[in-house]
$ cat protein10.pdb   # PDB, C-alpha atoms and all ligand atoms
ATOM      1  CA  MET A   2      25.996  -8.144  -8.253
ATOM      2  CA  LYS A   3      27.671  -5.544  -5.994
ATOM      3  CA  THR A   4      28.035  -1.751  -6.408
ATOM      4  CA  ALA A   5      30.331  -0.210  -3.785
ATOM      5  CA  SER A   6      28.845  -1.562  -0.529
ATOM      6  CA  LEU A   7      25.361  -2.144  -1.995
ATOM      7  CA  SER A   8      24.466  -5.749  -2.898
ATOM      8  CA  ILE A   9      21.716  -6.641  -5.329
ATOM      9  CA  ALA A  10      19.931  -9.966  -5.023
ATOM     10  CA  SER A  11      17.737 -11.059  -7.896
ATOM     11  CA  ASN A  12      16.208 -14.055  -6.147
ATOM     12  CA  ALA A  13      15.123 -15.071  -2.664
ATOM     13  CA  ALA A  14      17.875 -17.686  -2.143
ATOM     14  CA  GLU A  15      20.621 -15.156  -2.900
ATOM     15  CA  LEU A  16      18.969 -12.581  -0.653
ATOM     16  CA  GLN A  17      18.665 -15.029   2.214
ATOM     17  CA  ARG A  18      22.321 -16.059   1.923
ATOM     18  CA  ARG A  19      23.285 -12.435   2.451
ATOM     19  CA  LEU A  20      20.813 -11.871   5.252
ATOM     20  CA  GLN A  21      21.893 -14.978   7.158
ATOM     21  CA  GLU A  22      25.252 -13.467   8.065
ATOM     22  CA  THR A  23      23.452 -10.401   9.396
ATOM     23  CA  ARG A  24      21.032 -12.415  11.484
ATOM     24  CA  ALA A  25      23.851 -14.488  12.932
ATOM     25  CA  GLY A  26      25.390 -11.259  14.154
ATOM     26  CA  ARG A  27      21.980 -10.205  15.573
ATOM     27  CA  ALA A  28      22.039  -7.031  13.524
ATOM     28  CA  SER A  29      18.666  -5.380  12.970
ATOM     29  CA  ILE A  30      17.244  -5.287   9.464
ATOM     30  CA  GLY A  31      15.085  -2.354   8.316
ATOM     31  CA  PHE A  32      13.019  -3.188   5.230
ATOM     32  CA  VAL A  33      11.503  -0.814   2.673
ATOM     33  CA  PRO A  34       9.188  -2.508   0.144
ATOM     34  CA  THR A  35       8.712  -0.513  -3.077
ATOM     35  CA  MET A  36       7.703  -0.894  -6.712
ATOM     36  CA  GLY A  37      10.705   1.121  -7.893
ATOM     37  CA  ALA A  38      10.702   4.404  -9.873
ATOM     38  CA  LEU A  39      12.092   5.770  -6.627
ATOM     39  CA  HIS A  40      11.659   9.393  -5.585
ATOM     40  CA  ALA A  41      12.162  11.486  -2.450
ATOM     41  CA  GLY A  42       9.026   9.945  -0.878
ATOM     42  CA  HIS A  43      10.654   6.515  -0.971
ATOM     43  CA  GLY A  44      13.856   8.286   0.072
ATOM     44  CA  ALA A  45      12.242   9.338   3.369
ATOM     45  CA  LEU A  46      11.478   5.684   4.150
ATOM     46  CA  ILE A  47      15.001   4.553   3.289
ATOM     47  CA  ARG A  48      16.562   7.358   5.376
ATOM     48  CA  ARG A  49      14.409   6.511   8.362
ATOM     49  CA  ALA A  50      15.321   2.836   8.005
ATOM     50  CA  ARG A  51      18.995   3.814   7.752
ATOM     51  CA  ASN A  52      18.763   5.785  11.016
ATOM     52  CA  GLU A  53      17.050   3.019  12.961
ATOM     53  CA  ASN A  54      18.718  -0.232  11.812
ATOM     54  CA  ASP A  55      22.093  -1.880  11.274
ATOM     55  CA  LEU A  56      21.199  -2.995   7.769
ATOM     56  CA  VAL A  57      18.736  -1.585   5.218
ATOM     57  CA  ALA A  58      17.087  -3.776   2.582
ATOM     58  CA  VAL A  59      14.944  -2.288  -0.203
ATOM     59  CA  SER A  60      12.759  -4.441  -2.426
ATOM     60  CA  ILE A  61      11.913  -3.320  -5.940
ATOM     61  CA  PHE A  62       9.099  -5.371  -7.352
ATOM     62  CA  VAL A  63       6.156  -4.392  -9.542
ATOM     63  CA  ASN A  64       3.693  -6.891  -8.143
ATOM     64  CA  PRO A  65       1.412  -8.350 -10.858
ATOM     65  CA  LEU A  66      -1.007  -9.618  -8.197
ATOM     66  CA  GLN A  67      -2.113  -6.111  -7.205
ATOM     67  CA  PHE A  68      -2.864  -4.754 -10.683
ATOM     68  CA  ASP A  69      -6.444  -5.106 -11.821
ATOM     69  CA  ARG A  70      -5.555  -4.053 -15.390
ATOM     70  CA  LYS A  71      -2.677  -5.508 -17.402
ATOM     71  CA  THR A  72      -2.233  -2.205 -19.275
ATOM     72  CA  ASP A  73      -1.496  -0.517 -15.921
ATOM     73  CA  LEU A  74       1.027  -3.189 -15.008
ATOM     74  CA  ASP A  75       2.770  -2.823 -18.376
ATOM     75  CA  ALA A  76       2.755   0.992 -18.155
ATOM     76  CA  TYR A  77       4.287   1.088 -14.648
ATOM     77  CA  PRO A  78       7.664   2.894 -14.878
ATOM     78  CA  ARG A  79      10.713   0.653 -14.404
ATOM     79  CA  ASN A  80      14.290   1.880 -14.110
ATOM     80  CA  LEU A  81      16.431  -0.444 -12.031
ATOM     81  CA  ASP A  82      19.743   1.295 -12.747
ATOM     82  CA  ALA A  83      18.469   4.662 -11.518
ATOM     83  CA  ASP A  84      16.852   2.991  -8.488
ATOM     84  CA  VAL A  85      20.093   1.209  -7.587
ATOM     85  CA  ALA A  86      22.004   4.500  -7.755
ATOM     86  CA  PHE A  87      19.304   6.191  -5.641
ATOM     87  CA  CYS A  88      19.505   3.484  -2.954
ATOM     88  CA  ALA A  89      23.309   3.551  -2.992
ATOM     89  CA  GLY A  90      23.189   7.325  -2.461
ATOM     90  CA  LEU A  91      21.074   6.839   0.657
ATOM     91  CA  GLY A  92      23.327   4.157   2.117
ATOM     92  CA  ALA A  93      21.062   1.113   1.624
ATOM     93  CA  ASP A  94      22.881  -2.214   2.011
ATOM     94  CA  LEU A  95      20.806  -4.613  -0.014
ATOM     95  CA  ILE A  96      18.374  -4.474  -2.900
ATOM     96  CA  TYR A  97      16.019  -7.345  -3.576
ATOM     97  CA  ALA A  98      14.811  -7.051  -7.171
ATOM     98  CA  PRO A  99      13.188 -10.372  -8.025
ATOM     99  CA  ALA A 100      11.632 -11.439 -11.311
ATOM    100  CA  PRO A 101       7.905 -12.307 -11.006
ATOM    101  CA  ALA A 102       8.807 -16.015 -11.336
ATOM    102  CA  ASP A 103      10.977 -15.811  -8.213
ATOM    103  CA  LEU A 104       8.067 -14.683  -6.047
ATOM    104  CA  TYR A 105       5.413 -16.606  -7.960
ATOM    105  CA  PRO A 106       7.107 -19.781  -9.266
ATOM    106  CA  ARG A 107       3.735 -21.523  -9.359
ATOM    107  CA  GLU A 108       0.185 -20.284  -9.467
ATOM    108  CA  GLN A 109      -0.450 -18.527  -6.142
ATOM    109  CA  LEU A 110      -3.148 -20.442  -4.266
ATOM    110  CA  SER A 111      -2.857 -18.703  -0.886
ATOM    111  CA  PHE A 112      -3.970 -15.133  -0.307
ATOM    112  CA  VAL A 113      -4.285 -12.646   2.515
ATOM    113  CA  ASP A 114      -7.648 -10.915   2.507
ATOM    114  CA  LEU A 115      -9.028  -8.310   4.902
ATOM    115  CA  PRO A 116     -12.458  -7.684   3.378
ATOM    116  CA  ALA A 117     -13.592  -5.366   6.178
ATOM    117  CA  LEU A 118     -10.728  -2.970   5.401
ATOM    118  CA  GLU A 119     -10.640  -3.547   1.643
ATOM    119  CA  GLN A 120     -14.214  -2.550   0.896
ATOM    120  CA  HIS A 121     -13.645   1.179   1.537
ATOM    121  CA  LEU A 122     -11.713   4.028  -0.131
ATOM    122  CA  CYS A 123      -9.474   2.805  -2.993
ATOM    123  CA  GLY A 124     -10.465  -0.821  -2.435
ATOM    124  CA  ARG A 125     -14.011  -0.072  -3.519
ATOM    125  CA  PHE A 126     -12.756   0.927  -6.959
ATOM    126  CA  ARG A 127      -9.878  -1.524  -7.317
ATOM    127  CA  PRO A 128     -11.226  -5.020  -6.664
ATOM    128  CA  GLY A 129      -8.485  -7.455  -5.631
ATOM    129  CA  HIS A 130      -5.851  -4.726  -5.310
ATOM    130  CA  PHE A 131      -5.316  -4.924  -1.552
ATOM    131  CA  ARG A 132      -5.512  -8.694  -1.555
ATOM    132  CA  GLY A 133      -2.544  -8.555  -3.935
ATOM    133  CA  VAL A 134      -0.782  -5.989  -1.735
ATOM    134  CA  ALA A 135      -1.318  -7.860   1.553
ATOM    135  CA  THR A 136      -0.256 -11.150  -0.021
ATOM    136  CA  VAL A 137       2.984  -9.804  -1.504
ATOM    137  CA  VAL A 138       3.835  -7.855   1.657
ATOM    138  CA  LEU A 139       3.477 -10.998   3.764
ATOM    139  CA  LYS A 140       5.622 -12.950   1.271
ATOM    140  CA  LEU A 141       8.297 -10.237   1.345
ATOM    141  CA  LEU A 142       8.242 -10.026   5.159
ATOM    142  CA  ASN A 143       8.681 -13.805   5.330
ATOM    143  CA  ILE A 144      11.621 -13.703   2.915
ATOM    144  CA  VAL A 145      13.435 -10.710   4.429
ATOM    145  CA  GLN A 146      12.393 -11.232   8.087
ATOM    146  CA  PRO A 147      13.164  -7.647   9.077
ATOM    147  CA  ARG A 148      12.912  -6.211  12.569
ATOM    148  CA  ARG A 149      11.167  -3.120  11.173
ATOM    149  CA  ALA A 150       9.320  -2.417   7.908
ATOM    150  CA  TYR A 151       8.625   1.099   6.638
ATOM    151  CA  PHE A 152       5.434   2.231   4.917
ATOM    152  CA  GLY A 153       4.328   5.681   3.734
ATOM    153  CA  GLU A 154       1.265   7.378   5.222
ATOM    154  CA  LYS A 155       0.559   8.505   1.653
ATOM    155  CA  ASP A 156      -0.999   5.063   1.084
ATOM    156  CA  ALA A 157      -3.173   5.180   4.185
ATOM    157  CA  GLN A 158      -5.370   2.203   3.345
ATOM    158  CA  GLN A 159      -2.330   0.078   2.543
ATOM    159  CA  LEU A 160      -0.768   1.072   5.866
ATOM    160  CA  ALA A 161      -3.967   0.251   7.787
ATOM    161  CA  ILE A 162      -4.223  -3.133   6.054
ATOM    162  CA  VAL A 163      -0.560  -4.053   6.602
ATOM    163  CA  ARG A 164      -0.744  -3.049  10.275
ATOM    164  CA  ARG A 165      -3.839  -5.127  10.859
ATOM    165  CA  MET A 166      -2.473  -8.115   8.942
ATOM    166  CA  VAL A 167       0.707  -8.087  11.043
ATOM    167  CA  GLU A 168      -1.360  -7.884  14.233
ATOM    168  CA  ASP A 169      -3.926 -10.527  13.223
ATOM    169  CA  LEU A 170      -1.349 -12.998  11.919
ATOM    170  CA  ASN A 171       1.325 -12.355  14.596
ATOM    171  CA  VAL A 172       3.975 -11.418  12.060
ATOM    172  CA  PRO A 173       7.133 -10.624  14.079
ATOM    173  CA  VAL A 174       7.874  -7.183  12.648
ATOM    174  CA  GLN A 175       7.374  -3.595  13.727
ATOM    175  CA  ILE A 176       5.525  -1.523  11.115
ATOM    176  CA  VAL A 177       6.857   2.040  11.018
ATOM    177  CA  PRO A 178       4.674   4.707   9.349
ATOM    178  CA  VAL A 179       6.445   7.589   7.574
ATOM    179  CA  THR A 180       4.922  11.044   6.959
ATOM    180  CA  THR A 181       3.992  11.881   3.359
ATOM    181  CA  VAL A 182       6.645  13.844   1.465
ATOM    182  CA  ARG A 183       5.146  16.693  -0.574
ATOM    183  CA  GLU A 184       6.154  19.222  -3.207
ATOM    184  CA  PRO A 185       6.296  22.809  -1.905
ATOM    185  CA  ASP A 186       2.754  23.385  -3.251
ATOM    186  CA  GLY A 187       1.402  20.421  -1.291
ATOM    187  CA  LEU A 188       1.214  17.792  -4.042
ATOM    188  CA  ALA A 189       2.188  14.404  -2.595
ATOM    189  CA  LEU A 190       5.214  12.914  -4.350
ATOM    190  CA  SER A 191       4.235   9.990  -6.568
ATOM    191  CA  SER A 192       5.868   8.159  -9.456
ATOM    192  CA  ARG A 193       2.785   9.125 -11.463
ATOM    193  CA  ASN A 194       3.346  12.895 -11.121
ATOM    194  CA  VAL A 195       5.851  12.940 -13.999
ATOM    195  CA  ARG A 196       3.061  11.824 -16.335
ATOM    196  CA  LEU A 197       0.980  14.970 -15.643
ATOM    197  CA  THR A 198       0.942  17.639 -18.376
ATOM    198  CA  PRO A 199       1.989  21.134 -17.191
ATOM    199  CA  PRO A 200      -1.670  22.317 -16.933
ATOM    200  CA  GLN A 201      -2.606  19.163 -15.004
ATOM    201  CA  ARG A 202       0.420  19.571 -12.739
ATOM    202  CA  ALA A 203      -0.619  23.173 -12.025
ATOM    203  CA  ILE A 204      -4.013  22.123 -10.636
ATOM    204  CA  ALA A 205      -2.936  18.819  -9.056
ATOM    205  CA  PRO A 206      -2.445  20.391  -5.562
ATOM    206  CA  LYS A 207      -6.203  21.012  -5.430
ATOM    207  CA  LEU A 208      -6.648  17.515  -4.006
ATOM    208  CA  TYR A 209      -4.449  18.264  -1.008
ATOM    209  CA  ARG A 210      -6.140  21.641  -0.572
ATOM    210  CA  ALA A 211      -9.535  19.944  -0.465
ATOM    211  CA  LEU A 212      -8.264  17.607   2.269
ATOM    212  CA  GLN A 213      -6.987  20.598   4.210
ATOM    213  CA  THR A 214     -10.250  22.497   3.781
ATOM    214  CA  ALA A 215     -12.139  19.599   5.360
ATOM    215  CA  ALA A 216      -9.539  19.348   8.159
ATOM    216  CA  ASP A 217      -9.784  23.107   8.847
ATOM    217  CA  LEU A 218     -13.574  22.870   9.057
ATOM    218  CA  PHE A 219     -13.329  20.004  11.555
ATOM    219  CA  SER A 220     -10.770  21.965  13.606
ATOM    220  CA  ALA A 221     -13.106  24.967  13.559
ATOM    221  CA  GLY A 222     -15.894  22.868  15.063
ATOM    222  CA  THR A 223     -17.824  21.432  12.104
ATOM    223  CA  LYS A 224     -19.037  17.977  13.154
ATOM    224  CA  SER A 225     -21.011  17.002  10.075
ATOM    225  CA  VAL A 226     -18.979  15.128   7.481
ATOM    226  CA  GLY A 227     -21.596  15.870   4.814
ATOM    227  CA  ALA A 228     -21.321  19.635   5.339
ATOM    228  CA  ALA A 229     -17.505  19.621   5.430
ATOM    229  CA  ARG A 230     -17.249  17.336   2.420
ATOM    230  CA  ALA A 231     -19.524  19.503   0.278
ATOM    231  CA  LYS A 232     -17.418  22.611   0.970
ATOM    232  CA  ALA A 233     -14.114  20.775   0.621
ATOM    233  CA  ILE A 234     -14.793  19.275  -2.796
ATOM    234  CA  ALA A 235     -16.468  22.361  -4.330
ATOM    235  CA  ASP A 236     -13.262  23.572  -5.951
ATOM    236  CA  LEU A 237     -12.305  20.076  -7.118
ATOM    237  CA  ILE A 238     -15.561  19.264  -8.843
ATOM    238  CA  SER A 239     -15.792  22.654 -10.543
ATOM    239  CA  GLU A 240     -12.538  21.860 -12.378
ATOM    240  CA  PRO A 241     -13.345  20.140 -15.699
ATOM    241  CA  ALA A 242      -9.855  18.594 -15.990
ATOM    242  CA  ILE A 243     -10.337  16.702 -12.711
ATOM    243  CA  LYS A 244     -12.570  13.677 -12.256
ATOM    244  CA  LEU A 245     -13.253  12.947  -8.607
ATOM    245  CA  GLU A 246     -13.323   9.225  -7.829
ATOM    246  CA  TYR A 247     -13.993   9.528  -4.097
ATOM    247  CA  PHE A 248     -13.579  11.900  -1.185
ATOM    248  CA  GLU A 249     -14.309  10.243   2.129
ATOM    249  CA  VAL A 250     -13.929  10.790   5.824
ATOM    250  CA  CYS A 251     -13.435   7.634   7.842
ATOM    251  CA  ASP A 252     -12.173   6.078  11.041
ATOM    252  CA  PRO A 253      -8.347   5.942  10.788
ATOM    253  CA  LEU A 254      -8.129   2.378  12.132
ATOM    254  CA  ASN A 255     -11.079   0.446  10.721
ATOM    255  CA  LEU A 256     -11.689   2.781   7.732
ATOM    256  CA  GLN A 257     -15.450   2.791   8.383
ATOM    257  CA  PRO A 258     -17.069   5.903   6.864
ATOM    258  CA  LEU A 259     -17.964   8.539   9.485
ATOM    259  CA  SER A 260     -21.024  10.773   9.390
ATOM    260  CA  GLY A 261     -19.738  12.958  12.211
ATOM    261  CA  VAL A 262     -16.224  13.580  13.541
ATOM    262  CA  HIS A 263     -14.997  13.631  17.135
ATOM    263  CA  ASP A 264     -11.283  13.381  17.944
ATOM    264  CA  SER A 265      -9.705  12.072  14.754
ATOM    265  CA  ALA A 266     -10.573  11.238  11.166
ATOM    266  CA  LEU A 267      -8.815  10.073   8.044
ATOM    267  CA  ILE A 268      -9.773  12.341   5.156
ATOM    268  CA  ALA A 269      -8.919  10.626   1.866
ATOM    269  CA  GLY A 270      -9.500  11.239  -1.820
ATOM    270  CA  ALA A 271      -8.703   9.956  -5.298
ATOM    271  CA  VAL A 272      -8.877  11.948  -8.530
ATOM    272  CA  PHE A 273      -8.218  11.313 -12.187
ATOM    273  CA  PHE A 274      -6.401  13.619 -14.581
ATOM    274  CA  GLY A 275      -7.274  11.800 -17.781
ATOM    275  CA  GLU A 276      -5.874   8.301 -17.238
ATOM    276  CA  ILE A 277      -3.631   9.338 -14.355
ATOM    277  CA  ARG A 278      -5.003   8.525 -10.938
ATOM    278  CA  LEU A 279      -3.677  10.354  -7.884
ATOM    279  CA  ILE A 280      -4.524   9.671  -4.251
ATOM    280  CA  ASP A 281      -3.865  11.599  -1.081
ATOM    281  CA  ASN A 282      -5.048  11.740   2.511
ATOM    282  CA  PHE A 283      -4.781  13.769   5.678
ATOM    283  CA  LEU A 284      -4.998  12.433   9.203
ATOM    284  CA  TRP A 285      -6.963  15.030  11.154
ATOM    285  CA  ARG A 286      -6.703  15.121  14.924
ATOM    286  CA  ARG A 287      -8.336  17.545  17.324
ATOM    287  CA  VAL A 288      -5.574  19.479  19.068
TER     288      VAL A 288
HETATM  289  P1  LIG B   1       5.298   2.319  -4.099
HETATM  290  O1  LIG B   1       6.625   2.149  -4.763
HETATM  291  O2  LIG B   1       4.414   3.327  -4.733
HETATM  292  O3  LIG B   1       4.625   0.994  -3.824
HETATM  293  O4  LIG B   1       5.619   2.933  -2.653
HETATM  294  C1  LIG B   1       6.509   2.290  -1.773
HETATM  295  C2  LIG B   1       6.387   2.918  -0.412
HETATM  296  O5  LIG B   1       6.720   4.303  -0.496
HETATM  297  C3  LIG B   1       4.959   2.841   0.149
HETATM  298  O6  LIG B   1       5.019   2.516   1.537
HETATM  299  C4  LIG B   1       4.440   4.235  -0.079
HETATM  300  O7  LIG B   1       3.437   4.611   0.841
HETATM  301  C5  LIG B   1       5.702   5.064   0.115
HETATM  302  N1  LIG B   1       5.557   6.381  -0.526
HETATM  303  C6  LIG B   1       5.225   6.636  -1.823
HETATM  304  N2  LIG B   1       5.125   7.971  -2.030
HETATM  305  C7  LIG B   1       5.392   8.570  -0.833
HETATM  306  C8  LIG B   1       5.448   9.921  -0.384
HETATM  307  N3  LIG B   1       5.179  10.944  -1.194
HETATM  308  N4  LIG B   1       5.754  10.152   0.904
HETATM  309  C9  LIG B   1       6.016   9.121   1.763
HETATM  310  N5  LIG B   1       5.990   7.818   1.399
HETATM  311  C10 LIG B   1       5.687   7.547   0.126
END
$ encode --input "protein10.pdb" --output "structure tokens"
Amino acid sequence: MKTASLSIASNAAELQRRLQETRAGRASIGFVPTMGALHAGHGALIRRARNENDLVAVSIFVNPLQFDRKTDLDAYPRNLDADVAFCAGLGADLIYAPAPADLYPREQLSFVDLPALEQHLCGRFRPGHFRGVATVVLKLLNIVQPRRAYFGEKDAQQLAIVRRMVEDLNVPVQIVPVTTVREPDGLALSSRNVRLTPPQRAIAPKLYRALQTAADLFSAGTKSVGAARAKAIADLISEPAIKLEYFEVCDPLNLQPLSGVHDSALIAGAVFFGEIRLIDNFLWRRV
């Protein structure tokens, strides 16, 4: 299928036929893996890829392997037509939108696991999630073979895991991190935000504010993570409509929890508004 200059491949063979011509011409491929329901956060990745490469490929695939609950997988928003129009508007060249059977024609027996990085933050509450993420990302990188792949800092643990996987397994790709895109009130853009009720939406920026409170305390000289954390989450935990899943301060590279901060720290949190789970993080650096 082709819309204007945007091609859509629904299986790996079709995608690779299109990419072969590009590789023969030594053009660089920038790759943006997504699960669809695209918004301006994804848009920032696609734009960056557009600026830095000859050809931009976007994958749209809701990966069953990374969902611990089938109800979540079924509830994930899907709107391929709107996503295609969004990508076309940003000048992408190629969309890879496979069916699950194209990526998983047989039972998957090989997995990528980074237990040391998976046991913290979100991974602690979502067993098997990052194994599913790392495995599908490696599969997609092998299919697309891009020069650069773009990942949002919004999903800091995912970014850390993908970076380490690429390094450990010598995957020939450059991983490019992209700054989190936020609403004017600080809420990180997410496909889940549309599911928030107006009262939930009104208090949703409290997560980002808590991250900033901790960062401000570190900048002002607080060394103790315990002290900063207690102050930072006070406003979050006093809000009955918010259920705090975690709020942690850790090493940005190995994600090990820190008890005291020095030059940099990843401050990360996850909260529930009813069934809706939102995550956010802030990379603090001493200036
Ligand atoms: P997803 O479709 O949720 O798997 O996200 C696809 C990519 O978009 C991931 O690399 C995310 O980190 C990135 N992303 C999602 N939301 C944002 C945002 N608000 N700002 C920047 N990148 C984002």
$ residues_near_ligand --input "protein10.pdb" --ligand "ligand LIG 1 (chain B)" --cutoff "7 Å" --atoms "only C-alpha atoms and all ligand atoms" --output "number ranges by chain"
A: 34-39, 42-43, 45-46, 151-156, 179-183, 189-192
$ write_last_selection --input "protein10.pdb" --atoms "C-alpha atoms" --output "compact mmCIF listing (two decimals), in the frame of the given file"
# COMPACT_ATOMS: atom_id res chain seq x y z
CA PRO A 34 9.19 -2.51 0.14
CA THR A 35 8.71 -0.51 -3.08
CA MET A 36 7.70 -0.89 -6.71
CA GLY A 37 10.70 1.12 -7.89
CA ALA A 38 10.70 4.40 -9.87
CA LEU A 39 12.09 5.77 -6.63
CA GLY A 42 9.03 9.94 -0.88
CA HIS A 43 10.65 6.52 -0.97
CA ALA A 45 12.24 9.34 3.37
CA LEU A 46 11.48 5.68 4.15
CA TYR A 151 8.62 1.10 6.64
CA PHE A 152 5.43 2.23 4.92
CA GLY A 153 4.33 5.68 3.73
CA GLU A 154 1.26 7.38 5.22
CA LYS A 155 0.56 8.51 1.65
CA ASP A 156 -1.00 5.06 1.08
CA VAL A 179 6.44 7.59 7.57
CA THR A 180 4.92 11.04 6.96
CA THR A 181 3.99 11.88 3.36
CA VAL A 182 6.64 13.84 1.46
CA ARG A 183 5.15 16.69 -0.57
CA ALA A 189 2.19 14.40 -2.60
CA LEU A 190 5.21 12.91 -4.35
CA SER A 191 4.24 9.99 -6.57
CA SER A 192 5.87 8.16 -9.46
$ residues_around --input "protein10.pdb" --residues "Pro253 (chain A)" --least-positions-apart "5" --cutoff "9 Å" --atoms "all atoms listed in the file" --output "NGL selection string"
:A and (157-158 or 161 or 265-268 or 284)
$ write_last_selection --input "protein10.pdb" --atoms "C-alpha atoms" --output "short mmCIF file (atom, residue, chain, number, x, y, z; two decimals), in the frame of the given file"
data_model
loop_
_atom_site.label_atom_id
_atom_site.label_comp_id
_atom_site.auth_asym_id
_atom_site.auth_seq_id
_atom_site.Cartn_x
_atom_site.Cartn_y
_atom_site.Cartn_z
CA ALA A 157 -3.17 5.18 4.18
CA GLN A 158 -5.37 2.20 3.34
CA ALA A 161 -3.97 0.25 7.79
CA SER A 265 -9.70 12.07 14.75
CA ALA A 266 -10.57 11.24 11.17
CA LEU A 267 -8.82 10.07 8.04
CA ILE A 268 -9.77 12.34 5.16
CA LEU A 284 -5.00 12.43 9.20
#
$ closest_atom_pairs --input "protein10.pdb" --of "region 195-248 of chain A" --to "region 279-282 of chain A" --cutoff "8 Å" --atoms "all atoms listed in the file" --output "JSON lines"
{"residue": "A:Leu208", "atom": "CA", "partner": "A:Asp281", "partner_atom": "CA", "distance": 7.2}
{"residue": "A:Tyr209", "atom": "CA", "partner": "A:Asp281", "partner_atom": "CA", "distance": 6.7}
{"residue": "A:Leu212", "atom": "CA", "partner": "A:Asn282", "partner_atom": "CA", "distance": 6.7}
$ resolve_selection --input "protein10.pdb" --expression "the PyMOL selection byres (((chain A and resi 63-78) around 9) and not hetatm)" --output "PDB file with C-alpha atoms, keeping the file's coordinate frame"
ATOM      1  CA  THR A  35       8.712  -0.513  -3.077  1.00  0.00           C
ATOM      2  CA  MET A  36       7.703  -0.894  -6.712  1.00  0.00           C
ATOM      3  CA  GLY A  37      10.705   1.121  -7.893  1.00  0.00           C
ATOM      4  CA  ALA A  38      10.702   4.404  -9.873  1.00  0.00           C
ATOM      5  CA  ILE A  61      11.913  -3.320  -5.940  1.00  0.00           C
ATOM      6  CA  PHE A  62       9.099  -5.371  -7.352  1.00  0.00           C
ATOM      7  CA  ARG A  79      10.713   0.653 -14.404  1.00  0.00           C
ATOM      8  CA  ASN A  80      14.290   1.880 -14.110  1.00  0.00           C
ATOM      9  CA  PRO A 101       7.905 -12.307 -11.006  1.00  0.00           C
ATOM     10  CA  ARG A 127      -9.878  -1.524  -7.317  1.00  0.00           C
ATOM     11  CA  PRO A 128     -11.226  -5.020  -6.664  1.00  0.00           C
ATOM     12  CA  GLY A 129      -8.485  -7.455  -5.631  1.00  0.00           C
ATOM     13  CA  HIS A 130      -5.851  -4.726  -5.310  1.00  0.00           C
ATOM     14  CA  PHE A 131      -5.316  -4.924  -1.552  1.00  0.00           C
ATOM     15  CA  ARG A 132      -5.512  -8.694  -1.555  1.00  0.00           C
ATOM     16  CA  GLY A 133      -2.544  -8.555  -3.935  1.00  0.00           C
ATOM     17  CA  VAL A 134      -0.782  -5.989  -1.735  1.00  0.00           C
ATOM     18  CA  ALA A 135      -1.318  -7.860   1.553  1.00  0.00           C
ATOM     19  CA  THR A 136      -0.256 -11.150  -0.021  1.00  0.00           C
ATOM     20  CA  VAL A 137       2.984  -9.804  -1.504  1.00  0.00           C
ATOM     21  CA  SER A 192       5.868   8.159  -9.456  1.00  0.00           C
ATOM     22  CA  ARG A 193       2.785   9.125 -11.463  1.00  0.00           C
TER      23      ARG A 193
END
$ atom_distance --input "protein10.pdb" --atom1 "CA of Val59 (chain A)" --atom2 "CA of Phe32 (chain A)"
5.8 Å
$ atom_distance --input "protein10.pdb" --atom1 "CA of Phe283 (chain A)" --atom2 "CA of Leu254 (chain A)"
13.5 Å
$ residues_around --input "protein10.pdb" --residues "Val174 (chain A)" --least-positions-apart "6" --cutoff "9 Å" --atoms "all atoms listed in the file" --output "VMD selection string"
chain A and resid 142 146 to 150 167
$ atom_distance --input "protein10.pdb" --atom1 "CA of Met166 (chain A)" --atom2 "CA of Asn143 (chain A)"
13.0 Å
$ closest_residue --input "protein10.pdb" --among "A:Arg230, A:His263, A:His40, A:His121" --to "Trp285 (chain A)" --atoms "all atoms listed in the file"
A:His263
$ residues_near_point --input "protein10.pdb" --point "(10.3, -13.2, 0.0)" --cutoff "10 Å" --atoms "all atoms listed in the file" --output "ChimeraX atom specification"
/A:12-14,16-17,60,97,99,103-105,137-146
$ closest_residue --input "protein10.pdb" --among "A:Ala10, A:Leu20, A:Ile47, A:Val250" --to "Val177 (chain A)" --atoms "all atoms listed in the file"
A:Ile47
$ closest_residue --input "protein10.pdb" --among "A:Leu188, A:Cys88, A:Ala235, A:Val288" --to "Gln201 (chain A)" --atoms "all atoms listed in the file"
A:Leu188
$ closest_residue --input "protein10.pdb" --among "A:Val163, A:Ala203, A:Cys123, A:Val33" --to "Glu249 (chain A)" --atoms "only C-alpha atoms"
A:Cys123
$ decode --input "protein10.pdb" --residues "region 178-182 of chain A" --atoms "N, CA, C and O atoms" --output "compact mmCIF listing (two decimals), in the first residue's frame"
# COMPACT_ATOMS: atom_id res chain seq x y z
N PRO A 178 18.64 9.09 22.07
CA PRO A 178 17.60 9.43 23.05
C PRO A 178 16.94 10.77 22.70
O PRO A 178 17.61 11.67 22.22
N VAL A 179 15.63 10.87 22.93
CA VAL A 179 14.91 12.11 22.62
C VAL A 179 14.19 12.60 23.89
O VAL A 179 13.53 11.82 24.59
N THR A 180 14.35 13.90 24.15
CA THR A 180 13.78 14.53 25.35
C THR A 180 12.27 14.33 25.42
O THR A 180 11.58 14.40 24.40
N THR A 181 11.75 14.15 26.61
CA THR A 181 10.31 13.95 26.82
C THR A 181 9.51 15.19 26.41
O THR A 181 9.84 16.31 26.81
N VAL A 182 8.46 14.97 25.63
CA VAL A 182 7.56 16.06 25.24
C VAL A 182 6.45 16.14 26.29
O VAL A 182 5.86 15.12 26.67
